[in-house]
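K.L.:
Here it is, the structure in full.
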Amino acid sequence: MSLYVLRLGHRPHRDERVTTHLMLAARAFGASGAYYSGVRDPSMEDSIRKVCEDWGGRFTLEYVSDWRRTVKAWKERGKVIHLTMYGLPLTDVVPLIRAEPAPKLIVVGGAKVPGEVFKLADWNVSVTSQPHSEVSALAVFLHELHEGKELSLAHEGARLRIVPQAKGKRVENLRPKDPNRVFPHSKLKPHSSS
């Protein structure tokens with residue numbers, strides 16, 4: 001399933017950890033990649049790139065300066081889902097979304113979400129009608145969309161792998177770390193400071 005996330009209005013001085021966690025949740029819960037708008041954040045991009053290098057998968061991340069253009073381009077080839085507490089209940093619409101074969105873009109807000117997003121979305125979806133985090137909304141949405149199958153997702157090309165333990169922590173190193181390696185399926189490249 002082609003599934004991407006668009007994070008609106010990233011502000012590095014306020015949102016770095018939240019946006020990083022949103023991208024980590026998107027990757028871990030089965031999204032193919034993500035876009036973000038607002039202020040470009042090389043530090044956050046580097047954090048996600050390093051996770052992809054260590055833990056594998058084909059997750060991509062791309063900064064977009066114009067979120068409207070990104071959403072409108074997606075509407076030409078797929079469906080747009082906006083996660084908002086004002087939308088229709090997740091349990092009512094997730095079967096319809098799951099049955100739709102078109103590629104999907106999941107839009108999540110940051111600061112105040114422009115009203116235009118509600119109009120552009122094919123589905124405005126509520127994961128509860130209560131205030132909470134965009135990270136939790138995305139994780140619950142993806143979990144329901146994938147019917148829990150993402151919990152056993154294997155990320156190919158991983159350098160590290162957790163060995164499940166009842167107590168303690170065990171991580172296997174599957175290959176040596178290569179500081180010059182660019183993850184092969186990712187648009188995430190080491191950020192140049194020049």
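Chain labels follow the order of the structure tokens: the first chain is A, the next B, and so on; residue numbering restarts at 1 in every chain, and ligands are counted from 1 in their shown order.
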According to DSSP computed on the backbone, where in segment 45-105 of chain A is there strand (DSSP E or B)? Give the residues as a ChimeraX atom specification.
P.N.:
/A:60-63,79-89,104-105
K.L.:
From the set A:Gly109, A:Ser43, A:Pro114, A:Val51, which residue has the shortest atom-to-atom contact distance to Val5 of chain A, counting only C-alpha atoms?
P.N.:
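The closest residue to Val5 of chain A is A:Gly109.
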K.L.:
Do you know which residues are at most 7 Å from Val64 of chain A counting only C-alpha atoms, after dropping those on the same chain fewer than 4 positions away, and could you put them as a VMD selection string?
P.N.:
chain A and resid 35 to 37
K.L.:
With C-alpha atoms retained, write the just-selected residues as an mmCIF file, in the first residue's frame.
P.N.:
```cif
data_model
loop_
_atom_site.group_PDB
_atom_site.id
_atom_site.type_symbol
_atom_site.label_atom_id
_atom_site.label_comp_id
_atom_site.auth_asym_id
_atom_site.auth_seq_id
_atom_site.Cartn_x
_atom_site.Cartn_y
_atom_site.Cartn_z
ATOM 1 C CA TYR A 35 6.775 15.150 3.640
ATOM 2 C CA TYR A 36 6.897 18.147 5.911
ATOM 3 C CA SER A 37 6.252 21.842 5.384
#
```
K.L.:
Can you write out as JSON lines which residues of segment 17-121 of chain A fall within 10 Å of segment 140-150 of chain A, alongside each residue's closest atom pair and its distance in Å to one decimal, counting only C-alpha atoms and ordering rows by chain and ascending residue number?
P.N.:
```
{"residue": "A:Ala25", "atom": "CA", "partner": "A:Leu142", "partner_atom": "CA", "distance": 9.1}
{"residue": "A:Ala26", "atom": "CA", "partner": "A:Leu142", "partner_atom": "CA", "distance": 7.9}
{"residue": "A:Ala28", "atom": "CA", "partner": "A:Glu150", "partner_atom": "CA", "distance": 7.7}
{"residue": "A:Phe29", "atom": "CA", "partner": "A:Glu150", "partner_atom": "CA", "distance": 5.5}
{"residue": "A:Gly30", "atom": "CA", "partner": "A:Glu150", "partner_atom": "CA", "distance": 5.8}
{"residue": "A:Ala31", "atom": "CA", "partner": "A:Leu142", "partner_atom": "CA", "distance": 8.0}
{"residue": "A:Leu83", "atom": "CA", "partner": "A:Phe141", "partner_atom": "CA", "distance": 8.4}
{"residue": "A:Leu90", "atom": "CA", "partner": "A:Phe141", "partner_atom": "CA", "distance": 7.3}
{"residue": "A:Thr91", "atom": "CA", "partner": "A:Glu144", "partner_atom": "CA", "distance": 8.3}
{"residue": "A:Val93", "atom": "CA", "partner": "A:Leu145", "partner_atom": "CA", "distance": 9.9}
{"residue": "A:Val94", "atom": "CA", "partner": "A:Leu145", "partner_atom": "CA", "distance": 6.2}
{"residue": "A:Pro95", "atom": "CA", "partner": "A:Leu145", "partner_atom": "CA", "distance": 7.8}
{"residue": "A:Leu96", "atom": "CA", "partner": "A:Leu145", "partner_atom": "CA", "distance": 9.9}
{"residue": "A:Ile97", "atom": "CA", "partner": "A:Leu145", "partner_atom": "CA", "distance": 7.7}
{"residue": "A:Arg98", "atom": "CA", "partner": "A:Leu145", "partner_atom": "CA", "distance": 6.0}
{"residue": "A:Ala99", "atom": "CA", "partner": "A:Leu145", "partner_atom": "CA", "distance": 9.7}
{"residue": "A:Ile106", "atom": "CA", "partner": "A:Phe141", "partner_atom": "CA", "distance": 9.5}
```
K.L.:
If you keep C-alpha atoms, can you produce a file of those selected residues as a JSON list (two decimals), in the first residue's frame?
P.N.:
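Wrote selection-v5.json, looks like this:
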```
[["chain", "number", "residue", "atom", "x", "y", "z"],
["A", 25, "ALA", "CA", 5.71, 6.60, 14.18],
["A", 26, "ALA", "CA", 4.98, 6.91, 10.44],
["A", 28, "ALA", "CA", 7.39, 2.12, 12.34],
["A", 29, "PHE", "CA", 3.65, 1.83, 11.62],
["A", 30, "GLY", "CA", 4.06, 1.16, 7.90],
["A", 31, "ALA", "CA", 4.10, 4.45, 5.98],
["A", 83, "LEU", "CA", -6.48, 13.55, 10.79],
["A", 90, "LEU", "CA", -12.18, 6.54, 12.61],
["A", 91, "THR", "CA", -14.16, 3.34, 13.13],
["A", 93, "VAL", "CA", -14.51, 5.44, 7.81],
["A", 94, "VAL", "CA", -11.44, 3.20, 8.11],
["A", 95, "PRO", "CA", -13.10, 0.30, 6.20],
["A", 96, "LEU", "CA", -13.80, 2.68, 3.29],
["A", 97, "ILE", "CA", -10.25, 4.04, 3.36],
["A", 98, "ARG", "CA", -8.76, 0.55, 3.60],
["A", 99, "ALA", "CA", -10.82, -0.61, 0.58],
["A", 106, "ILE", "CA", -2.29, 11.38, 5.50]]
```
K.L.:
Skip segment 126-128 of chain A itself and residues of its chain fewer than 6 positions away, then list as a PDB file with C-alpha atoms, in the first residue's frame all residues within 6 Å of it, counting only C-alpha atoms.
P.N.:
```pdb
ATOM      1  CA  LEU A  83      -6.482  13.550  10.795  1.00  0.00           C
ATOM      2  CA  THR A  84      -8.459  16.014  12.902  1.00  0.00           C
ATOM      3  CA  MET A  85     -10.545  15.823  16.053  1.00  0.00           C
ATOM      4  CA  GLY A  87     -13.666  14.657  11.453  1.00  0.00           C
ATOM      5  CA  LEU A  88     -15.792  11.552  11.121  1.00  0.00           C
ATOM      6  CA  PRO A  89     -15.069   8.756  13.620  1.00  0.00           C
ATOM      7  CA  LEU A  90     -12.178   6.538  12.607  1.00  0.00           C
ATOM      8  CA  ALA A 137      -3.553  10.089  16.135  1.00  0.00           C
TER       9      ALA A 137
END
```
K.L.:
Under the rule that only C-alpha atoms are counted, which of A:Ala139, A:Leu3, A:Ile81, A:Ala166 is the nearest residue to Val125 of chain A?
P.N.:
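Residue with the minimum atom-to-atom distance to Val125 of chain A: A:Ile81.
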K.L.:
For Ser32 of chain A, work out the shell of residues within 10 Å, counting only C-alpha atoms and skipping chain neighbours fewer than 6 positions away, then give it as a PyMOL selection string.
P.N.:
chain A and resi 1-5+26+57-61+186
K.L.:
Neighbours of Gly9 of chain A within 7 Å (only C-alpha atoms; same-chain residues fewer than 3 positions away dropped), as a list of chain:residue names?
P.N.:
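Everything that qualifies: A:Ser37, A:Gly38, A:Gly110, A:Ala111.
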K.L.:
Save out the residues we just selected, C-alpha atoms, as a compact mmCIF listing (two decimals), in the first residue's frame.
P.N.:
```
# COMPACT_ATOMS: atom_id res chain seq x y z
CA SER A 37 6.25 21.84 5.38
CA GLY A 38 6.98 24.92 7.44
CA GLY A 110 1.06 21.33 13.66
CA ALA A 111 0.03 24.83 14.57
```
K.L.:
Separation of atom CA of Leu22 of chain A and atom CA of Val113 of chain A, in Å?
P.N.:
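Atom CA of Leu22 of chain A sits 16.4 Å away from atom CA of Val113 of chain A.
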K.L.:
Which of segment 60-140 of chain A counts as helix (DSSP H, G or I) under DSSP, as a PyMOL selection string please?
P.N.:
chain A and resi 67-77+90-99+115-120+134-140
K.L.:
Give the answer as one residue: which of A:Lys167, A:His21, A:Arg27, A:Arg11 has the shortest atom-to-atom distance to Leu151 of chain A, using only C-alpha atoms?
P.N.:
A:Arg27
K.L.:
In terms of the shortest atom-to-atom distance over only C-alpha atoms, which of A:Leu138, A:Glu76, A:Arg17, A:Arg175 is closest to Gly157 of chain A?
P.N.:
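For Gly157 of chain A, the nearest of the candidates is A:Arg175.
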K.L.:
Using only C-alpha atoms, which residues sit within 12 Å of Arg77 of chain A once same-chain residues fewer than 5 positions away are excluded, as a ChimeraX atom specification?
P.N.:
/A:2,70-72,101-105
